[in-house]
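What follows is a set of notes on a single structure, which appears directly below.
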Amino acid sequence: MGMFDTVHYKCPGCGRMIEEQTKAGDCRMNNYHEGSVPAEIAASEIGSKVDCGCGCTLRVHSSAPVARVKLYLVVDGPEVTESDEVEWD
Ligand SMILES: [Zn+2]
């Protein structure tokens with residue numbers, strides 16, 4: 001409740017550091033520099049407007065597409081052990 005993560009951006013217009021709150025990640029009050037942001041936070045930040053207050057209209061861009069990772073399933077049970085094998089005569 002009221003928890004968020006913060007991404008720190010540097011305004012390309014005036015050089016001031018800007019703090020943007022996000023609820024996309026773990027939301028454990030983590031702080032991330034714009035140069036290294038977890039993928040789930042980056043995905044929600046890209047394209048969003050940031051207000052610096054210096055008169056610049058800012059929008060979040062990414063240097064690369066947010067990476068997609070390969071997911072797959074592994075069998076987690078039931079466990080097959082030697083003693084479970086049935087001997088057929
Ligand atoms: Zn600025």
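By convention in this document, the chains of the structure tokens carry letters A, B, ... by their order, each chain's residues are numbered from 1, and ligands are numbered from 1 in the order they are shown.
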
Just want the residues within 9 Å of ligand 1, written as a ChimeraX atom specification, counting only C-alpha atoms and all ligand atoms. /A:10-18,51-58

Write out as a PyMOL selection string all residues of chain A that backbone DSSP assigns to strand (DSSP E or B). chain A and resi 5-10+17-22+31-33+49-51+57-59

Counting only C-alpha atoms, the residue of A:Glu20, A:Pro65, A:Glu34, A:Val74 that sits nearest Ser48 of chain A: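 Among the listed residues, the smallest separation from Ser48 of chain A belongs to A:Glu20.
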
Two-atom distance - atom CA of Ile41 of chain A, atom CA of Thr22 of chain A (Å):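 So the two atoms, atom CA of Ile41 of chain A and atom CA of Thr22 of chain A, lie 7.2 Å apart.
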
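Using only C-alpha atoms, the contacts of His33 of chain A at a cut-off of 8 Å, with sequence neighbours closer than 3 positions omitted, comprise Val7, His8, Tyr9, Ser36 and Val37 of chain A.
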
What lies within 9 Å of segment 24-26 of chain A using only C-alpha atoms, ignoring chain neighbours under 3 positions off, as a list in words?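 After dropping sequence-adjacent residues, the list is Met3, Phe4, Asp5, Met29, Asn30, Pro38, Ala39, Glu40, Ile41, Ala42, Ala43, Ser44 and Glu45 of chain A.
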
Keeping N, CA and C atoms, export the residues of the selection given above as a PDB file, in the first residue's frame.
ATOM      1  N   MET A   3       3.296   1.609  -1.930  1.00  0.00           N
ATOM      2  CA  MET A   3       4.655   1.216  -2.285  1.00  0.00           C
ATOM      3  C   MET A   3       4.874   1.392  -3.785  1.00  0.00           C
ATOM      4  N   PHE A   4       6.061   1.776  -4.114  1.00  0.00           N
ATOM      5  CA  PHE A   4       6.385   1.976  -5.523  1.00  0.00           C
ATOM      6  C   PHE A   4       7.893   1.886  -5.683  1.00  0.00           C
ATOM      7  N   ASP A   5       8.333   1.758  -6.929  1.00  0.00           N
ATOM      8  CA  ASP A   5       9.751   1.863  -7.255  1.00  0.00           C
ATOM      9  C   ASP A   5       9.981   3.210  -7.919  1.00  0.00           C
ATOM     10  N   MET A  29      10.154  -0.058  -2.949  1.00  0.00           N
ATOM     11  CA  MET A  29      10.889   1.187  -2.748  1.00  0.00           C
ATOM     12  C   MET A  29      12.312   1.113  -3.312  1.00  0.00           C
ATOM     13  N   ASN A  30      12.445   0.342  -4.415  1.00  0.00           N
ATOM     14  CA  ASN A  30      13.742   0.262  -5.075  1.00  0.00           C
ATOM     15  C   ASN A  30      13.982   1.525  -5.895  1.00  0.00           C
ATOM     16  N   PRO A  38      14.831  -2.764 -14.645  1.00  0.00           N
ATOM     17  CA  PRO A  38      14.269  -4.093 -14.883  1.00  0.00           C
ATOM     18  C   PRO A  38      13.255  -4.061 -16.031  1.00  0.00           C
ATOM     19  N   ALA A  39      13.183  -5.164 -16.779  1.00  0.00           N
ATOM     20  CA  ALA A  39      12.372  -5.223 -17.993  1.00  0.00           C
ATOM     21  C   ALA A  39      10.906  -4.879 -17.735  1.00  0.00           C
ATOM     22  N   GLU A  40      10.345  -5.368 -16.630  1.00  0.00           N
ATOM     23  CA  GLU A  40       8.916  -5.128 -16.405  1.00  0.00           C
ATOM     24  C   GLU A  40       8.627  -3.663 -16.134  1.00  0.00           C
ATOM     25  N   ILE A  41       9.592  -2.981 -15.535  1.00  0.00           N
ATOM     26  CA  ILE A  41       9.423  -1.544 -15.303  1.00  0.00           C
ATOM     27  C   ILE A  41       9.639  -0.788 -16.606  1.00  0.00           C
ATOM     28  N   ALA A  42      10.660  -1.196 -17.357  1.00  0.00           N
ATOM     29  CA  ALA A  42      10.939  -0.537 -18.635  1.00  0.00           C
ATOM     30  C   ALA A  42       9.724  -0.620 -19.554  1.00  0.00           C
ATOM     31  N   ALA A  43       9.065  -1.784 -19.578  1.00  0.00           N
ATOM     32  CA  ALA A  43       7.929  -1.981 -20.465  1.00  0.00           C
ATOM     33  C   ALA A  43       6.807  -0.996 -20.152  1.00  0.00           C
ATOM     34  N   SER A  44       6.638  -0.661 -18.884  1.00  0.00           N
ATOM     35  CA  SER A  44       5.570   0.262 -18.516  1.00  0.00           C
ATOM     36  C   SER A  44       6.001   1.715 -18.650  1.00  0.00           C
ATOM     37  N   GLU A  45       7.306   1.956 -18.643  1.00  0.00           N
ATOM     38  CA  GLU A  45       7.811   3.327 -18.708  1.00  0.00           C
ATOM     39  C   GLU A  45       7.911   3.853 -20.135  1.00  0.00           C
TER      40      GLU A  45
END

So how many Å separate atom CA of Ile46 of chain A and atom CA of His61 of chain A, to one decimal? 5.4 Å

Rank nothing, just name the residue among A:Asp76, A:Gly35, A:Lys49, A:Trp88 nearest to Ser63 of chain A, using only C-alpha atoms.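 For Ser63 of chain A, the nearest of the candidates is A:Gly35.
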
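A straight line drawn from atom CA of Arg28 of chain A to atom CA of Leu73 of chain A is 28.4 Å long.
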